[in-house]
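> Mind having a look at this structure? Questions to follow.
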Amino acid sequence: MAPRRETTIPPKLRILFVTSMHPSGAFPLRGVIVQRLAAALRAQGHRVEVVGLSAGGGPWRYFRARPRVAHAIHDLRPDVIHVHFGYSGLALPRTTVPVVTTFNGDDLHGTLGKAGHPTWRSRLGTLASQYTAWRSARCIAVSATLRERLWGRGARAKTVVIRDAVDQTLFRPLSRSAARARLGLEEDALLVIFPHDVSQPTKRVWLAEAAVAELQRSLPATKLWIVNGKPPDEMPWYYAAADVMLMTSLREGGPSSVKEALACGIPVVSVEVGDTELFREAADGVRLAADEPVALAAALHDVLKAPRERRSLLPPGLDLGAAARAITALYREAIAT
């Protein structure tokens, strides 16, 4: 790691986000967590500008974006550049501005294809992410398990875990009855919400379907409720209308959906994946189960039969404001390096 240099760090920073995680016509919900972080940093008085990298076009789109990123660096003269998603680092031109990179999951894991193996393109992407980590002054991983995917002790030493955080002014306990009336849902059904993109093989919707089919033997009113593509700010109502959330993914970075459900007071049944610290910290809200239908069905049954007050189940320290402050402290470390 480079020696520290004498640097005057302003109290309010100029921050340039470079990200492929941003909304587009094809993917209107992509990158909501990045948008919310930018808003939280602005609320703390920092200036944040965003260069969004276009969706589609293959890996060359990152290199084609370099002149646009260079122009933004010239205009903003940022104190720090924050890259979101490891591939996005390919869009950075040569610069002396310190770089902080957040790794979110598939950028280090790879993306599984239909055959169940990482695609060749995502294998190249993981190489690009490792290069971005090497190039960065500091890195962020959204879970401890994801941090371990980085190559070399040096890369891991400069990487801190700052987990997916939740805007608790938005994600909060709401009335189940009011939510069901708002969404036009029947009152008596037991709804197992599955707020994941079922087109992604890693989400394993087939496992969720098999678990709920098994559960229906003892609780016939149970239904698997697949929710995807809804307006982000409406999601608290969808969580509120549910009785439990189910997570069956093969691999995850965070994910933020588990924390959103907990903040809304919805218990979660999950296989051991992603931010596994939650299984200890939110023992009252997260139930761990083996990744097979009978075990998942048994865990769902126990959760659904246990009466509970609708209150936030999110552990302390996972709110968006705290995450923004932790990231700001990391920016200052990167600038001083």
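Labeling convention for the structure tokens: chains A, B, ... as they appear, residues from 1 per chain, ligands from 1 in order of appearance.
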Determine, for each residue of region 151-238 of chain A having at least one atom at most 6 Å from an atom of region 245-261 of chain A, the closest pair of atoms and their separation in Å to one decimal, counting only C-alpha atoms; order by chain and ascending number, as a tab-separated table.

```
residue	atom	partner	partner_atom	distance
A:Asp164	CA	A:Ser256	CA	5.4
A:Val192	CA	A:Met245	CA	5.5
A:Ile193	CA	A:Met245	CA	4.7
A:Phe194	CA	A:Leu246	CA	5.7
A:Thr202	CA	A:Leu250	CA	5.1
A:Lys203	CA	A:Ser249	CA	4.2
A:Arg204	CA	A:Ser249	CA	5.7
```
> Convert the current residue selection to file output with N, CA and C atoms, as a PDB file, in the first residue's frame.

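Just written: again06.pdb:
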```
ATOM      1  N   ASP A 164     -25.259  -4.105   2.798  1.00  0.00           N
ATOM      2  CA  ASP A 164     -26.427  -3.434   2.247  1.00  0.00           C
ATOM      3  C   ASP A 164     -27.212  -2.787   3.381  1.00  0.00           C
ATOM      4  N   VAL A 192     -46.140 -16.195   0.965  1.00  0.00           N
ATOM      5  CA  VAL A 192     -44.691 -16.330   1.072  1.00  0.00           C
ATOM      6  C   VAL A 192     -44.102 -15.494  -0.056  1.00  0.00           C
ATOM      7  N   ILE A 193     -43.587 -14.314   0.275  1.00  0.00           N
ATOM      8  CA  ILE A 193     -43.100 -13.413  -0.768  1.00  0.00           C
ATOM      9  C   ILE A 193     -41.731 -13.862  -1.259  1.00  0.00           C
ATOM     10  N   PHE A 194     -41.569 -13.791  -2.576  1.00  0.00           N
ATOM     11  CA  PHE A 194     -40.319 -14.158  -3.238  1.00  0.00           C
ATOM     12  C   PHE A 194     -39.938 -12.983  -4.132  1.00  0.00           C
ATOM     13  N   THR A 202     -29.629 -18.430 -10.495  1.00  0.00           N
ATOM     14  CA  THR A 202     -29.114 -18.484  -9.121  1.00  0.00           C
ATOM     15  C   THR A 202     -30.206 -18.258  -8.076  1.00  0.00           C
ATOM     16  N   LYS A 203     -31.334 -17.693  -8.461  1.00  0.00           N
ATOM     17  CA  LYS A 203     -32.408 -17.446  -7.483  1.00  0.00           C
ATOM     18  C   LYS A 203     -33.145 -18.735  -7.118  1.00  0.00           C
ATOM     19  N   ARG A 204     -33.055 -19.743  -7.959  1.00  0.00           N
ATOM     20  CA  ARG A 204     -33.627 -21.074  -7.714  1.00  0.00           C
ATOM     21  C   ARG A 204     -35.114 -21.011  -7.342  1.00  0.00           C
TER      22      ARG A 204
END
```
> Need to verify the contact set: Ala65 (chain A), 12 Å, only C-alpha atoms, exclusion of same-chain residues closer than 4 positions in sequence. Can you return it as a PyMOL selection string?
chain A and resi 18-20+51-55+57+59-61+69-72+88-93
> Find the spatial neighbours of Pro267 (chain A), counting only C-alpha atoms, within a cut-off of 8 Å - ignore same-chain residues fewer than 3 positions away - and output them as a list in words.
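Surrounding residues, per the criterion: Asp243, Val244, Met245, Ala261, Leu262, Asp284, Gly285, Val286, Arg287, Val303 and Leu313 of chain A.
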> Next, the residues of the selection above should be written as a JSON list (two decimals), in the first residue's frame with N, CA and C atoms.

```json
[["chain", "number", "residue", "atom", "x", "y", "z"],
["A", 243, "ASP", "N", -46.60, -12.61, 4.68],
["A", 243, "ASP", "CA", -46.47, -13.19, 6.01],
["A", 243, "ASP", "C", -45.04, -13.61, 6.31],
["A", 244, "VAL", "N", -44.28, -13.94, 5.28],
["A", 244, "VAL", "CA", -42.89, -14.38, 5.44],
["A", 244, "VAL", "C", -42.21, -14.21, 4.09],
["A", 245, "MET", "N", -40.89, -14.02, 4.11],
["A", 245, "MET", "CA", -40.11, -13.97, 2.88],
["A", 245, "MET", "C", -39.25, -15.22, 2.78],
["A", 261, "ALA", "N", -37.09, -6.63, 4.07],
["A", 261, "ALA", "CA", -38.17, -7.38, 4.69],
["A", 261, "ALA", "C", -38.11, -7.27, 6.21],
["A", 262, "LEU", "N", -36.92, -7.43, 6.78],
["A", 262, "LEU", "CA", -36.76, -7.34, 8.23],
["A", 262, "LEU", "C", -37.16, -5.95, 8.74],
["A", 284, "ASP", "N", -34.16, -13.46, 15.76],
["A", 284, "ASP", "CA", -35.61, -13.39, 15.93],
["A", 284, "ASP", "C", -36.32, -13.21, 14.60],
["A", 285, "GLY", "N", -35.56, -12.82, 13.55],
["A", 285, "GLY", "CA", -36.21, -12.51, 12.29],
["A", 285, "GLY", "C", -35.81, -13.41, 11.13],
["A", 286, "VAL", "N", -34.62, -14.04, 11.21],
["A", 286, "VAL", "CA", -34.14, -14.87, 10.10],
["A", 286, "VAL", "C", -34.02, -16.31, 10.57],
["A", 287, "ARG", "N", -34.67, -17.19, 9.86],
["A", 287, "ARG", "CA", -34.61, -18.63, 10.18],
["A", 287, "ARG", "C", -33.81, -19.33, 9.08],
["A", 303, "VAL", "N", -42.41, -20.61, 11.27],
["A", 303, "VAL", "CA", -42.50, -19.15, 11.28],
["A", 303, "VAL", "C", -43.94, -18.70, 11.14],
["A", 313, "LEU", "N", -37.45, -5.83, 12.51],
["A", 313, "LEU", "CA", -36.57, -6.91, 12.94],
["A", 313, "LEU", "C", -35.13, -6.67, 12.49]]
```
> If we count only C-alpha atoms and set the cut-off at 9 Å, which residues sit around Pro315 (chain A), ignoring sequence neighbours fewer than 4 positions away in its own chain? Please answer as a list in words.
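Listed by chain and then number, they are Lys259, Leu262, Ala263, Leu278, Glu281, Ala282 and Asp319 of chain A.
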> Do you know which residues are at most 12 Å from Gln130 (chain A) counting only C-alpha atoms, after dropping those on the same chain fewer than 6 positions away, and could you put them as a PDB file with N, CA and C atoms, in the first residue's frame?

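For reference, part36.pdb as written:
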```pdb
ATOM      1  N   PHE A  85     -19.882  -1.791  -8.665  1.00  0.00           N
ATOM      2  CA  PHE A  85     -19.815  -3.028  -9.436  1.00  0.00           C
ATOM      3  C   PHE A  85     -18.463  -3.088 -10.129  1.00  0.00           C
ATOM      4  N   GLY A  86     -17.745  -4.162  -9.880  1.00  0.00           N
ATOM      5  CA  GLY A  86     -16.341  -4.242 -10.286  1.00  0.00           C
ATOM      6  C   GLY A  86     -16.083  -4.018 -11.751  1.00  0.00           C
ATOM      7  N   TYR A  87     -16.988  -4.499 -12.631  1.00  0.00           N
ATOM      8  CA  TYR A  87     -16.766  -4.319 -14.057  1.00  0.00           C
ATOM      9  C   TYR A  87     -16.634  -2.848 -14.423  1.00  0.00           C
ATOM     10  N   SER A  88     -17.354  -1.993 -13.685  1.00  0.00           N
ATOM     11  CA  SER A  88     -17.402  -0.565 -14.027  1.00  0.00           C
ATOM     12  C   SER A  88     -16.033   0.090 -13.977  1.00  0.00           C
ATOM     13  N   GLY A  89     -15.084  -0.521 -13.280  1.00  0.00           N
ATOM     14  CA  GLY A  89     -13.736   0.031 -13.218  1.00  0.00           C
ATOM     15  C   GLY A  89     -13.059   0.098 -14.569  1.00  0.00           C
ATOM     16  N   LEU A  90     -13.521  -0.698 -15.521  1.00  0.00           N
ATOM     17  CA  LEU A  90     -12.942  -0.653 -16.866  1.00  0.00           C
ATOM     18  C   LEU A  90     -13.222   0.678 -17.553  1.00  0.00           C
ATOM     19  N   THR A 101     -13.989   1.188  -4.667  1.00  0.00           N
ATOM     20  CA  THR A 101     -14.857   0.302  -5.449  1.00  0.00           C
ATOM     21  C   THR A 101     -15.720  -0.539  -4.522  1.00  0.00           C
ATOM     22  N   THR A 102     -17.020  -0.607  -4.839  1.00  0.00           N
ATOM     23  CA  THR A 102     -17.935  -1.500  -4.133  1.00  0.00           C
ATOM     24  C   THR A 102     -18.194  -2.731  -4.987  1.00  0.00           C
ATOM     25  N   PHE A 103     -18.006  -3.905  -4.377  1.00  0.00           N
ATOM     26  CA  PHE A 103     -18.319  -5.172  -5.032  1.00  0.00           C
ATOM     27  C   PHE A 103     -19.643  -5.682  -4.479  1.00  0.00           C
ATOM     28  N   ASP A 107     -20.138  -9.596  -9.635  1.00  0.00           N
ATOM     29  CA  ASP A 107     -18.869  -9.090 -10.164  1.00  0.00           C
ATOM     30  C   ASP A 107     -17.685  -9.913  -9.662  1.00  0.00           C
ATOM     31  N   LEU A 108     -17.821 -10.565  -8.510  1.00  0.00           N
ATOM     32  CA  LEU A 108     -16.765 -11.447  -8.013  1.00  0.00           C
ATOM     33  C   LEU A 108     -17.139 -12.928  -8.096  1.00  0.00           C
ATOM     34  N   HIS A 109     -18.444 -13.217  -8.043  1.00  0.00           N
ATOM     35  CA  HIS A 109     -18.881 -14.610  -8.132  1.00  0.00           C
ATOM     36  C   HIS A 109     -18.956 -15.098  -9.572  1.00  0.00           C
ATOM     37  N   GLY A 110     -19.284 -14.207 -10.500  1.00  0.00           N
ATOM     38  CA  GLY A 110     -19.643 -14.617 -11.850  1.00  0.00           C
ATOM     39  C   GLY A 110     -21.143 -14.838 -11.946  1.00  0.00           C
ATOM     40  N   ARG A 123     -16.848 -14.688 -16.502  1.00  0.00           N
ATOM     41  CA  ARG A 123     -15.494 -15.063 -16.070  1.00  0.00           C
ATOM     42  C   ARG A 123     -14.510 -13.943 -16.386  1.00  0.00           C
ATOM     43  N   LEU A 124     -14.666 -13.351 -17.564  1.00  0.00           N
ATOM     44  CA  LEU A 124     -13.833 -12.193 -17.913  1.00  0.00           C
ATOM     45  C   LEU A 124     -14.154 -11.024 -16.979  1.00  0.00           C
ATOM     46  N   SER A 136      -7.717   0.107  -6.954  1.00  0.00           N
ATOM     47  CA  SER A 136      -8.435   0.957  -6.011  1.00  0.00           C
ATOM     48  C   SER A 136      -7.626   1.221  -4.749  1.00  0.00           C
ATOM     49  N   CYS A 139     -11.576  -0.625  -0.968  1.00  0.00           N
ATOM     50  CA  CYS A 139     -12.690  -1.369  -1.556  1.00  0.00           C
ATOM     51  C   CYS A 139     -13.740  -1.642  -0.484  1.00  0.00           C
ATOM     52  N   ARG A 147     -16.074 -10.627   0.445  1.00  0.00           N
ATOM     53  CA  ARG A 147     -14.708 -10.098   0.601  1.00  0.00           C
ATOM     54  C   ARG A 147     -13.678 -11.192   0.375  1.00  0.00           C
ATOM     55  N   GLU A 148     -13.989 -12.402   0.789  1.00  0.00           N
ATOM     56  CA  GLU A 148     -13.047 -13.511   0.646  1.00  0.00           C
ATOM     57  C   GLU A 148     -12.856 -13.933  -0.806  1.00  0.00           C
ATOM     58  N   ARG A 149     -13.692 -13.439  -1.720  1.00  0.00           N
ATOM     59  CA  ARG A 149     -13.537 -13.757  -3.135  1.00  0.00           C
ATOM     60  C   ARG A 149     -12.420 -12.947  -3.788  1.00  0.00           C
ATOM     61  N   LEU A 150     -11.928 -11.931  -3.101  1.00  0.00           N
ATOM     62  CA  LEU A 150     -10.833 -11.130  -3.656  1.00  0.00           C
ATOM     63  C   LEU A 150      -9.524 -11.902  -3.567  1.00  0.00           C
ATOM     64  N   TRP A 151      -8.710 -11.743  -4.596  1.00  0.00           N
ATOM     65  CA  TRP A 151      -7.445 -12.467  -4.651  1.00  0.00           C
ATOM     66  C   TRP A 151      -6.363 -11.710  -3.872  1.00  0.00           C
ATOM     67  N   GLY A 152      -5.645 -12.399  -3.066  1.00  0.00           N
ATOM     68  CA  GLY A 152      -4.480 -11.817  -2.412  1.00  0.00           C
ATOM     69  C   GLY A 152      -4.817 -11.106  -1.122  1.00  0.00           C
ATOM     70  N   GLY A 154      -3.358  -8.516   0.056  1.00  0.00           N
ATOM     71  CA  GLY A 154      -3.340  -7.066  -0.091  1.00  0.00           C
ATOM     72  C   GLY A 154      -4.704  -6.511  -0.464  1.00  0.00           C
ATOM     73  N   ALA A 155      -5.368  -7.163  -1.413  1.00  0.00           N
ATOM     74  CA  ALA A 155      -6.699  -6.709  -1.826  1.00  0.00           C
ATOM     75  C   ALA A 155      -7.690  -6.835  -0.676  1.00  0.00           C
ATOM     76  N   ARG A 156      -7.623  -7.927   0.054  1.00  0.00           N
ATOM     77  CA  ARG A 156      -8.560  -8.102   1.171  1.00  0.00           C
ATOM     78  C   ARG A 156      -8.251  -7.142   2.311  1.00  0.00           C
TER      79      ARG A 156
END
```
> Could you check the closest approach to Glu186 (chain A) for each of A:Ala137, A:Ile162, A:Ala128, A:Ala242 and tell me which residue wins, using only C-alpha atoms?
A:Ala242
> Can you tell me which residues surround region 75-82 of chain A at a distance of at most 9 Å, considering only C-alpha atoms, apart from same-chain residues fewer than 4 positions away, and format the answer as a list in words?
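Listing them by chain and then by number gives Ile9, Pro10, Leu13, Arg14, Ile15, Leu16, Phe17, Val18, Thr19, Val48, Glu49, Ala70, His71, Val97, Pro98, Val99, Val100, Thr101, Thr102, Tyr331, Arg332, Ala334 and Ile335 of chain A.
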> Could you write out the selected residues, including C-alpha atoms, as a PDB file, in the first residue's frame?

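Now in again10.pdb:
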```
ATOM      1  CA  ILE A   9      -9.490  16.898   3.146  1.00  0.00           C
ATOM      2  CA  PRO A  10     -12.506  19.210   2.898  1.00  0.00           C
ATOM      3  CA  LEU A  13     -16.564  16.066  -0.495  1.00  0.00           C
ATOM      4  CA  ARG A  14     -16.996  16.063  -4.246  1.00  0.00           C
ATOM      5  CA  ILE A  15     -17.755  12.470  -5.190  1.00  0.00           C
ATOM      6  CA  LEU A  16     -18.039  10.963  -8.653  1.00  0.00           C
ATOM      7  CA  PHE A  17     -20.044   7.742  -8.933  1.00  0.00           C
ATOM      8  CA  VAL A  18     -19.180   5.540 -11.920  1.00  0.00           C
ATOM      9  CA  THR A  19     -21.704   2.750 -12.176  1.00  0.00           C
ATOM     10  CA  VAL A  48     -22.397  13.586  -5.763  1.00  0.00           C
ATOM     11  CA  GLU A  49     -22.391  13.346  -9.547  1.00  0.00           C
ATOM     12  CA  ALA A  70     -12.713  11.637 -18.190  1.00  0.00           C
ATOM     13  CA  HIS A  71     -14.909  14.633 -19.021  1.00  0.00           C
ATOM     14  CA  VAL A  97      -7.978  10.729  -8.082  1.00  0.00           C
ATOM     15  CA  PRO A  98      -8.299   8.007  -5.412  1.00  0.00           C
ATOM     16  CA  VAL A  99     -10.737   5.242  -6.291  1.00  0.00           C
ATOM     17  CA  VAL A 100     -13.080   3.340  -3.985  1.00  0.00           C
ATOM     18  CA  THR A 101     -14.857   0.302  -5.449  1.00  0.00           C
ATOM     19  CA  THR A 102     -17.935  -1.500  -4.133  1.00  0.00           C
ATOM     20  CA  TYR A 331     -13.438   8.033   1.310  1.00  0.00           C
ATOM     21  CA  ARG A 332     -11.325  10.095   3.704  1.00  0.00           C
ATOM     22  CA  ALA A 334      -8.617   6.724   0.472  1.00  0.00           C
ATOM     23  CA  ILE A 335      -7.916  10.440  -0.040  1.00  0.00           C
TER      24      ILE A 335
END
```
> Tell me, in Å to one decimal, how far CA of Leu191 (chain A) is from CA of Asn104 (chain A).
28.6 Å
> With only C-alpha atoms as the counted atoms, please give the residues lying no more than 9 Å from Glu209 (chain A), apart from itself and same-chain residues fewer than 5 positions off, as a PDB file with C-alpha atoms, in the first residue's frame.

```pdb
ATOM      1  CA  ARG A 204     -33.627 -21.074  -7.714  1.00  0.00           C
ATOM      2  CA  GLU A 214     -44.500 -29.250   0.424  1.00  0.00           C
ATOM      3  CA  LEU A 224     -45.796 -18.508  -3.183  1.00  0.00           C
ATOM      4  CA  PRO A 293     -37.835 -28.517   0.078  1.00  0.00           C
TER       5      PRO A 293
END
```
> So which residues of region 103-336 of chain A fall under strand (DSSP E or B) by DSSP, listed as JSON, numbers by chain?
{"A": [103, 112, 118, 138, 139, 140, 141, 159, 160, 161, 166, 190, 191, 192, 193, 194, 222, 223, 224, 225, 226, 244, 245, 246, 247, 268, 269, 270, 286, 287, 288, 319]}
> Using C-alpha atoms, can you export the residues from the last selection as a JSON list (two decimals), in the first residue's frame?

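selection-v4.json, written as the output of this step:
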```
[["chain", "number", "residue", "atom", "x", "y", "z"],
["A", 103, "PHE", "CA", -18.32, -5.17, -5.03],
["A", 112, "LEU", "CA", -24.42, -18.53, -13.87],
["A", 118, "PRO", "CA", -20.42, -19.09, -14.84],
["A", 138, "ARG", "CA", -9.94, 1.16, -0.84],
["A", 139, "CYS", "CA", -12.69, -1.37, -1.56],
["A", 140, "ILE", "CA", -16.07, -2.25, -0.11],
["A", 141, "ALA", "CA", -17.66, -5.71, -0.07],
["A", 159, "THR", "CA", -11.37, -3.96, 1.71],
["A", 160, "VAL", "CA", -13.94, -3.29, 4.40],
["A", 161, "VAL", "CA", -17.34, -4.88, 4.73],
["A", 166, "VAL", "CA", -31.95, 0.15, 4.35],
["A", 190, "LEU", "CA", -50.73, -17.06, 3.75],
["A", 191, "LEU", "CA", -48.34, -15.28, 1.40],
["A", 192, "VAL", "CA", -44.69, -16.33, 1.07],
["A", 193, "ILE", "CA", -43.10, -13.41, -0.77],
["A", 194, "PHE", "CA", -40.32, -14.16, -3.24],
["A", 222, "THR", "CA", -50.10, -20.94, 1.69],
["A", 223, "LYS", "CA", -49.15, -19.37, -1.65],
["A", 224, "LEU", "CA", -45.80, -18.51, -3.18],
["A", 225, "TRP", "CA", -46.04, -14.84, -4.16],
["A", 226, "ILE", "CA", -43.45, -13.86, -6.75],
["A", 244, "VAL", "CA", -42.89, -14.38, 5.44],
["A", 245, "MET", "CA", -40.11, -13.97, 2.88],
["A", 246, "LEU", "CA", -38.28, -16.89, 1.30],
["A", 247, "MET", "CA", -34.64, -16.81, 0.11],
["A", 268, "VAL", "CA", -37.28, -14.44, 6.56],
["A", 269, "VAL", "CA", -36.60, -18.11, 5.91],
["A", 270, "SER", "CA", -33.30, -18.48, 4.09],
["A", 286, "VAL", "CA", -34.14, -14.87, 10.10],
["A", 287, "ARG", "CA", -34.61, -18.63, 10.18],
["A", 288, "LEU", "CA", -31.87, -20.69, 8.55],
["A", 319, "ASP", "CA", -29.72, 1.88, 8.25]]
```
> Would you please extract all helix (DSSP H, G or I) residues from region 105-289 of chain A, as assigned by DSSP on the backbone, and give them as a VMD selection string?
chain A and resid 106 to 109 120 to 135 144 to 147 153 to 157 176 to 183 201 to 203 205 to 215 232 to 241 256 to 263 278 to 281
> I need the chosen residues saved as a compact mmCIF listing (two decimals), in the first residue's frame, with C-alpha atoms.

```txt
# COMPACT_ATOMS: atom_id res chain seq x y z
CA ASP A 106 -21.85 -11.32 -9.42
CA ASP A 107 -18.87 -9.09 -10.16
CA LEU A 108 -16.77 -11.45 -8.01
CA HIS A 109 -18.88 -14.61 -8.13
CA TRP A 120 -17.49 -16.99 -20.24
CA ARG A 121 -18.36 -13.30 -20.28
CA SER A 122 -18.79 -13.19 -16.50
CA ARG A 123 -15.49 -15.06 -16.07
CA LEU A 124 -13.83 -12.19 -17.91
CA GLY A 125 -15.84 -9.82 -15.73
CA THR A 126 -14.49 -11.35 -12.53
CA LEU A 127 -10.97 -10.85 -13.89
CA ALA A 128 -11.84 -7.21 -14.60
CA SER A 129 -13.17 -6.87 -11.05
CA GLN A 130 -9.94 -8.22 -9.57
CA TYR A 131 -8.04 -5.67 -11.66
CA THR A 132 -10.31 -2.90 -10.40
CA ALA A 133 -9.66 -4.00 -6.81
CA TRP A 134 -5.89 -3.85 -7.42
CA ARG A 135 -6.28 -0.37 -8.87
CA ALA A 144 -17.74 -10.92 4.61
CA THR A 145 -18.10 -13.96 2.36
CA LEU A 146 -17.88 -11.76 -0.73
CA ARG A 147 -14.71 -10.10 0.60
CA ARG A 153 -4.09 -10.58 1.13
CA GLY A 154 -3.34 -7.07 -0.09
CA ALA A 155 -6.70 -6.71 -1.83
CA ARG A 156 -8.56 -8.10 1.17
CA ALA A 157 -6.59 -5.92 3.60
CA ARG A 176 -50.94 -6.11 6.74
CA SER A 177 -54.65 -5.49 6.21
CA ALA A 178 -54.09 -2.03 4.75
CA ALA A 179 -51.40 -3.39 2.41
CA ARG A 180 -53.65 -6.19 1.16
CA ALA A 181 -56.51 -3.78 0.59
CA ARG A 182 -54.19 -1.43 -1.30
CA LEU A 183 -52.90 -4.25 -3.52
CA PRO A 201 -30.92 -19.30 -12.38
CA THR A 202 -29.11 -18.48 -9.12
CA LYS A 203 -32.41 -17.45 -7.48
CA VAL A 205 -37.34 -20.33 -7.98
CA TRP A 206 -37.86 -24.07 -8.54
CA LEU A 207 -36.66 -24.69 -4.98
CA ALA A 208 -39.05 -22.06 -3.62
CA GLU A 209 -41.92 -23.63 -5.55
CA ALA A 210 -41.06 -27.09 -4.27
CA ALA A 211 -40.82 -25.84 -0.67
CA VAL A 212 -44.22 -24.13 -0.79
CA ALA A 213 -45.79 -27.16 -2.50
CA GLU A 214 -44.50 -29.25 0.42
CA LEU A 215 -45.82 -26.70 2.92
CA PRO A 232 -39.01 0.49 -5.68
CA ASP A 233 -40.78 2.90 -3.35
CA GLU A 234 -43.88 0.68 -3.38
CA MET A 235 -42.01 -2.38 -2.12
CA PRO A 236 -42.75 -1.68 1.58
CA TRP A 237 -46.43 -2.32 0.82
CA TYR A 238 -45.61 -5.64 -0.84
CA TYR A 239 -43.54 -6.74 2.13
CA ALA A 240 -46.31 -5.60 4.48
CA ALA A 241 -48.87 -7.71 2.62
CA SER A 256 -30.78 -6.01 0.29
CA SER A 257 -34.21 -7.69 0.04
CA VAL A 258 -33.63 -9.62 3.28
CA LYS A 259 -32.87 -6.44 5.18
CA GLU A 260 -35.81 -4.61 3.59
CA ALA A 261 -38.17 -7.38 4.69
CA LEU A 262 -36.76 -7.34 8.23
CA ALA A 263 -37.12 -3.55 8.43
CA LEU A 278 -27.66 -11.78 9.84
CA PHE A 279 -28.41 -15.33 10.97
CA ARG A 280 -26.77 -14.46 14.28
CA GLU A 281 -27.69 -10.79 14.57
```
> Quick one, how far is CA of Ala306 (chain A) from CA of Ala283 (chain A)?
14.2 Å
> So how far away is CA of Asp275 (chain A) from CA of Ala38 (chain A), in Å?
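Interatomic distance, CA of Ala38 (chain A) to CA of Asp275 (chain A): 22.4 Å.
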